[in-house]
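A short write-up of the structure that comes next.
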Amino acid sequence: MKTKYQFIYIALISISFITHAKGQVQRLPLDSVIARVTANPALQAYDARISAQNAYATGAKNLDAPKISAGQYQVPYQFSPNMGSFMISGEQMFTNPAKLKAKQEYMQGVSKVTSEDKNYQKNQLIAQAKQYYYERVVLEKKLALLQNTQKLLEYMLKDANIRLTYGKEKLSNIYKAKAELYALDNSREQLNDDISQKNIMLNTLMNRDKQTAFIVDTNYVLKDYEIALTDTAALANQRSDIKGINRNIELQQLNAQMEYSKRKPDFGIQAAHMISYGGSANQYVLMASVTIPIVPWASKEYKANLKGIRYEVEELQQKRMDVLNQAEGQLAGLKADMNSKKRQINNYQHNIIPALQNGYKTALLAYDQNTGDLPSVLDGIKDLQAARMEALDRLQEVLTLQVTYEKENEKY
């Protein structure tokens, strides 16, 4: 007997532990999901690349290595102990400081472009996270709608079985109700699978274990973006792809300065000491050198590069105008689409669903008064559920448009 009570006690403790564990499923609001997206490996890879580019820039002012040589100097092929000498020499070229500075500024500008590329990628990932999150919110609402429909069908099936015992209902109608009830199981299975898929996608974006379960906040806010005015200047300042083009233009300007600095001369110094053979006096060499890069045969390259850079800057300017133009058109289309979808949702909420609810109630009242039949009630339930599902589909479309609008404006 004592063993039996111990077994029951352990079982109760186990059930309590499992229930507590289920109750510990984490609840993640949208803001928390977005904050965790920064741990995505794609963004961390950009951080590593930026660090590498900044590290490369620290060595931009490096000078060429000195050159040291030693050996026989002016020693005749016909050996003579009194002719020639042994020479030790050293050379060092000094790159023009203006060239080194221009090179360093150019290399420092590369990481700024990469930084904007990272911001662009971050905006894309956040938009994906919002999209998956809102899709799961709508799926949860559809699941709740199925549960409500299931309760209605179970009630009708129970009532119909009672009527069947008194010969006031047809068996075929009961089978029809059961079929409708079983069909909900497939719909529920599909919704649960879709929810699981969204969980995996969100966990992937957050760089977490893909099977980690969490609860979403089913509250949402529909923004009035359809009445917002598009500020071109603000749009250009917000979008990282446009700012990335601006950084590229600045980088090309720095590249032009680096090419232009090639006109400046470099300097060098050479020193040598000769130990003469045969008792002759020792000698030395001390010479300075300077390059002349402005001569025609040496200036062709940087002149051609400067010309090419001007065309590249012009290309980037045209690309910036195109991106801005495309963005304005995209936003205009999104606002028009949002306005239409919201009017459809309003029509569902204030006209279509109330009318179907009244039709269902009328069919149910007639059935209670034995003036109607069960298929009419089932059709009313089915039509009402279909309309509510379609209204949720329109809601999903509005939320998708809202996410796309925020992605175009980089509102995160």
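Chain identifiers are assigned as A, B, and so on, following the order in which chains appear in the structure tokens; residues are numbered from 1 within each chain, and ligands are numbered from 1 in order of appearance.
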Write out as a ChimeraX atom specification the residues lying within 9 Å of Val403 (chain A), counting only C-alpha atoms and excluding same-chain residues fewer than 2 positions away. /A:127-128,130-131,398-401,405-408
Please give the complete set of residues from region 29-202 of chain A that DSSP, run on the backbone, assigns to helix (DSSP H, G or I), formatted as number ranges by chain. A: 30-39, 41-58, 97-165, 171-202
Selected residues written out, C-alpha atoms, as a tab-separated table (two decimals), in the first residue's frame:
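Output saved as part15.tsv:
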chain	number	residue	atom	x	y	z
A	30	LEU	CA	7.76	41.54	-32.15
A	31	ASP	CA	10.27	44.02	-30.71
A	32	SER	CA	12.16	41.20	-28.99
A	33	VAL	CA	12.28	39.20	-32.21
A	34	ILE	CA	13.65	42.20	-34.13
A	35	ALA	CA	16.29	42.81	-31.44
A	36	ARG	CA	17.45	39.19	-31.70
A	37	VAL	CA	17.81	39.40	-35.48
A	38	THR	CA	21.07	41.32	-34.92
A	39	ALA	CA	22.60	37.97	-33.87
A	41	PRO	CA	25.37	35.26	-38.83
A	42	ALA	CA	24.91	37.28	-42.02
A	43	LEU	CA	25.17	40.54	-40.05
A	44	GLN	CA	28.06	39.28	-37.94
A	45	ALA	CA	29.89	38.43	-41.17
A	46	TYR	CA	29.57	42.08	-42.21
A	47	ASP	CA	31.04	43.15	-38.86
A	48	ALA	CA	34.05	40.90	-39.46
A	49	ARG	CA	34.49	42.30	-42.98
A	50	ILE	CA	34.33	45.89	-41.70
A	51	SER	CA	36.95	45.09	-39.06
A	52	ALA	CA	39.17	43.53	-41.72
A	53	GLN	CA	38.87	46.56	-44.00
A	54	ASN	CA	39.68	48.92	-41.14
A	55	ALA	CA	42.68	46.76	-40.30
A	56	TYR	CA	43.89	46.95	-43.90
A	57	ALA	CA	43.60	50.74	-43.79
A	58	THR	CA	46.04	50.95	-40.87
A	97	PRO	CA	53.12	61.68	-48.14
A	98	ALA	CA	50.20	63.01	-50.18
A	99	LYS	CA	49.95	59.64	-51.95
A	100	LEU	CA	49.99	57.75	-48.66
A	101	LYS	CA	47.32	59.97	-47.17
A	102	ALA	CA	45.09	59.61	-50.25
A	103	LYS	CA	45.51	55.84	-50.17
A	104	GLN	CA	44.64	55.66	-46.47
A	105	GLU	CA	41.52	57.79	-46.90
A	106	TYR	CA	40.40	55.60	-49.79
A	107	MET	CA	40.86	52.39	-47.80
A	108	GLN	CA	39.02	53.89	-44.81
A	109	GLY	CA	36.13	54.74	-47.14
A	110	VAL	CA	35.73	51.10	-48.19
A	111	SER	CA	34.44	50.08	-44.75
A	112	LYS	CA	31.81	52.84	-44.88
A	113	VAL	CA	30.35	51.27	-48.02
A	114	THR	CA	30.33	47.86	-46.32
A	115	SER	CA	28.61	49.41	-43.29
A	116	GLU	CA	25.73	50.59	-45.49
A	117	ASP	CA	25.60	47.16	-47.13
A	118	LYS	CA	25.20	45.70	-43.65
A	119	ASN	CA	22.36	48.13	-42.88
A	120	TYR	CA	20.64	47.13	-46.11
A	121	GLN	CA	20.92	43.44	-45.23
A	122	LYS	CA	19.70	44.17	-41.70
A	123	ASN	CA	16.64	45.92	-43.11
A	124	GLN	CA	15.89	42.89	-45.31
A	125	LEU	CA	16.20	40.47	-42.38
A	126	ILE	CA	14.00	42.60	-40.12
A	127	ALA	CA	11.36	42.78	-42.86
A	128	GLN	CA	11.45	38.99	-43.14
A	129	ALA	CA	11.09	38.65	-39.37
A	130	LYS	CA	8.09	41.00	-39.35
A	131	GLN	CA	6.51	39.14	-42.24
A	132	TYR	CA	6.87	35.71	-40.60
A	133	TYR	CA	5.72	37.10	-37.24
A	134	TYR	CA	2.54	38.65	-38.66
A	135	GLU	CA	1.85	35.50	-40.67
A	136	ARG	CA	1.98	33.51	-37.47
A	137	VAL	CA	-0.30	36.03	-35.72
A	138	VAL	CA	-2.91	35.57	-38.45
A	139	LEU	CA	-2.48	31.78	-38.33
A	140	GLU	CA	-3.18	31.86	-34.58
A	141	LYS	CA	-6.35	33.84	-35.24
A	142	LYS	CA	-7.42	31.32	-37.89
A	143	LEU	CA	-6.77	28.51	-35.42
A	144	ALA	CA	-8.98	30.23	-32.84
A	145	LEU	CA	-11.66	30.64	-35.52
A	146	LEU	CA	-11.54	26.91	-36.27
A	147	GLN	CA	-11.98	26.13	-32.58
A	148	ASN	CA	-15.04	28.35	-32.47
A	149	THR	CA	-16.48	26.66	-35.56
A	150	GLN	CA	-15.75	23.26	-34.03
A	151	LYS	CA	-17.82	24.17	-30.96
A	152	LEU	CA	-20.74	25.22	-33.17
A	153	LEU	CA	-20.58	21.99	-35.17
A	154	GLU	CA	-20.29	19.83	-32.04
A	155	TYR	CA	-23.34	21.56	-30.60
A	156	MET	CA	-25.31	21.04	-33.81
A	157	LEU	CA	-24.21	17.39	-34.03
A	158	LYS	CA	-25.27	16.75	-30.43
A	159	ASP	CA	-28.65	18.38	-31.04
A	160	ALA	CA	-29.10	16.41	-34.28
A	161	ASN	CA	-28.36	13.10	-32.53
A	162	ILE	CA	-31.05	13.89	-29.96
A	163	ARG	CA	-33.51	14.68	-32.75
A	164	LEU	CA	-32.54	11.45	-34.51
A	165	THR	CA	-33.72	9.39	-31.53
A	171	LEU	CA	-29.08	10.10	-40.67
A	172	SER	CA	-27.55	11.53	-43.86
A	173	ASN	CA	-27.61	15.00	-42.32
A	174	ILE	CA	-25.75	13.72	-39.27
A	175	TYR	CA	-23.07	12.20	-41.50
A	176	LYS	CA	-22.80	15.53	-43.29
A	177	ALA	CA	-22.26	17.31	-39.97
A	178	LYS	CA	-19.63	14.73	-38.97
A	179	ALA	CA	-17.84	15.22	-42.29
A	180	GLU	CA	-17.76	18.97	-41.72
A	181	LEU	CA	-16.38	18.39	-38.25
A	182	TYR	CA	-13.69	15.99	-39.49
A	183	ALA	CA	-12.72	18.41	-42.25
A	184	LEU	CA	-11.74	20.87	-39.54
A	185	ASP	CA	-9.07	18.41	-38.38
A	186	ASN	CA	-7.30	18.71	-41.73
A	187	SER	CA	-7.55	22.48	-41.65
A	188	ARG	CA	-6.21	22.54	-38.10
A	189	GLU	CA	-3.36	20.21	-39.05
A	190	GLN	CA	-2.40	22.49	-41.94
A	191	LEU	CA	-2.51	25.59	-39.71
A	192	ASN	CA	-0.38	23.91	-37.05
A	193	ASP	CA	2.14	22.90	-39.70
A	194	ASP	CA	2.25	26.46	-41.04
A	195	ILE	CA	2.77	27.79	-37.50
A	196	SER	CA	5.62	25.32	-37.01
A	197	GLN	CA	7.20	26.49	-40.28
A	198	LYS	CA	7.00	30.15	-39.20
A	199	ASN	CA	8.58	29.23	-35.87
A	200	ILE	CA	11.50	27.58	-37.65
A	201	MET	CA	11.96	30.58	-39.95
A	202	LEU	CA	11.88	33.05	-37.06
CA of Gly279 (chain A) and CA of Gly90 (chain A), how far apart in Å?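 Rounded to one decimal, the two atoms are 24.2 Å apart.
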Based on DSSP run over this structure's backbone, return all residues of region 188-362 of chain A in strand (DSSP E), as a ChimeraX atom specification. /A:214-216,267-276,283-290
Now that the selection is made, can you save its residues with C-alpha atoms as an mmCIF file, in the first residue's frame?
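Here's the written file selection12.cif:
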data_model
loop_
_atom_site.group_PDB
_atom_site.id
_atom_site.type_symbol
_atom_site.label_atom_id
_atom_site.label_comp_id
_atom_site.auth_asym_id
_atom_site.auth_seq_id
_atom_site.Cartn_x
_atom_site.Cartn_y
_atom_site.Cartn_z
ATOM 1 C CA PHE A 214 7.617 30.402 -28.245
ATOM 2 C CA ILE A 215 4.390 32.370 -28.030
ATOM 3 C CA VAL A 216 3.656 35.422 -30.155
ATOM 4 C CA PHE A 267 61.930 60.618 -53.411
ATOM 5 C CA GLY A 268 64.793 58.273 -52.732
ATOM 6 C CA ILE A 269 68.246 58.174 -51.224
ATOM 7 C CA GLN A 270 71.180 55.899 -51.914
ATOM 8 C CA ALA A 271 74.362 55.590 -49.855
ATOM 9 C CA ALA A 272 77.352 53.348 -50.538
ATOM 10 C CA HIS A 273 80.786 52.728 -49.025
ATOM 11 C CA MET A 274 83.621 51.229 -51.068
ATOM 12 C CA ILE A 275 86.656 49.591 -49.473
ATOM 13 C CA SER A 276 89.370 49.868 -52.118
ATOM 14 C CA GLN A 283 85.332 55.984 -51.478
ATOM 15 C CA TYR A 284 81.634 56.589 -50.907
ATOM 16 C CA VAL A 285 78.471 57.355 -52.881
ATOM 17 C CA LEU A 286 75.622 59.502 -51.590
ATOM 18 C CA MET A 287 72.839 60.194 -54.069
ATOM 19 C CA ALA A 288 69.261 61.448 -53.935
ATOM 20 C CA SER A 289 66.621 60.585 -56.524
ATOM 21 C CA VAL A 290 63.191 61.884 -57.527
#
Which polymer residues have any atom within 8 Å of an atom of region 322-324 of chain A, counting only C-alpha atoms, with same-chain residues fewer than 3 positions away left out, as a PDB file with N, CA and C atoms, in the first residue's frame?
ATOM      1  N   THR A 232      10.745  62.928 -50.447  1.00  0.00           N
ATOM      2  CA  THR A 232      11.866  62.390 -51.221  1.00  0.00           C
ATOM      3  C   THR A 232      13.191  62.546 -50.480  1.00  0.00           C
ATOM      4  N   LEU A 235      13.321  60.129 -47.631  1.00  0.00           N
ATOM      5  CA  LEU A 235      13.470  58.770 -48.159  1.00  0.00           C
ATOM      6  C   LEU A 235      14.918  58.496 -48.530  1.00  0.00           C
ATOM      7  N   ALA A 236      15.558  59.479 -49.174  1.00  0.00           N
ATOM      8  CA  ALA A 236      16.963  59.313 -49.569  1.00  0.00           C
ATOM      9  C   ALA A 236      17.867  59.205 -48.347  1.00  0.00           C
ATOM     10  N   ILE A 242      20.432  53.666 -50.886  1.00  0.00           N
ATOM     11  CA  ILE A 242      20.765  54.977 -51.447  1.00  0.00           C
ATOM     12  C   ILE A 242      21.976  55.562 -50.731  1.00  0.00           C
ATOM     13  N   GLN A 318      23.212  58.322 -61.611  1.00  0.00           N
ATOM     14  CA  GLN A 318      22.018  57.895 -62.337  1.00  0.00           C
ATOM     15  C   GLN A 318      21.339  56.718 -61.627  1.00  0.00           C
ATOM     16  N   LYS A 319      22.158  55.818 -61.075  1.00  0.00           N
ATOM     17  CA  LYS A 319      21.604  54.686 -60.339  1.00  0.00           C
ATOM     18  C   LYS A 319      20.856  55.168 -59.097  1.00  0.00           C
ATOM     19  N   ALA A 327      11.604  53.593 -55.780  1.00  0.00           N
ATOM     20  CA  ALA A 327      11.074  53.556 -54.411  1.00  0.00           C
ATOM     21  C   ALA A 327       9.808  54.397 -54.287  1.00  0.00           C
ATOM     22  N   GLU A 328       9.818  55.573 -54.894  1.00  0.00           N
ATOM     23  CA  GLU A 328       8.628  56.430 -54.846  1.00  0.00           C
ATOM     24  C   GLU A 328       7.444  55.758 -55.522  1.00  0.00           C
TER      25      GLU A 328
END
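Note that the spacing between CA of Asn347 (chain A) and CA of Ala366 (chain A) amounts to 27.2 Å.
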In Å, with one decimal, what is the gap from CA of Lys303 (chain A) to CA of Asn255 (chain A)? 12.6 Å
Do a neighbour search on region 74-76 of chain A at 10 Å with only C-alpha atoms, toss out local chain neighbours closer than 2 positions, and write the hits as a PyMOL selection string. chain A and resi 71-72+78-87+276-277
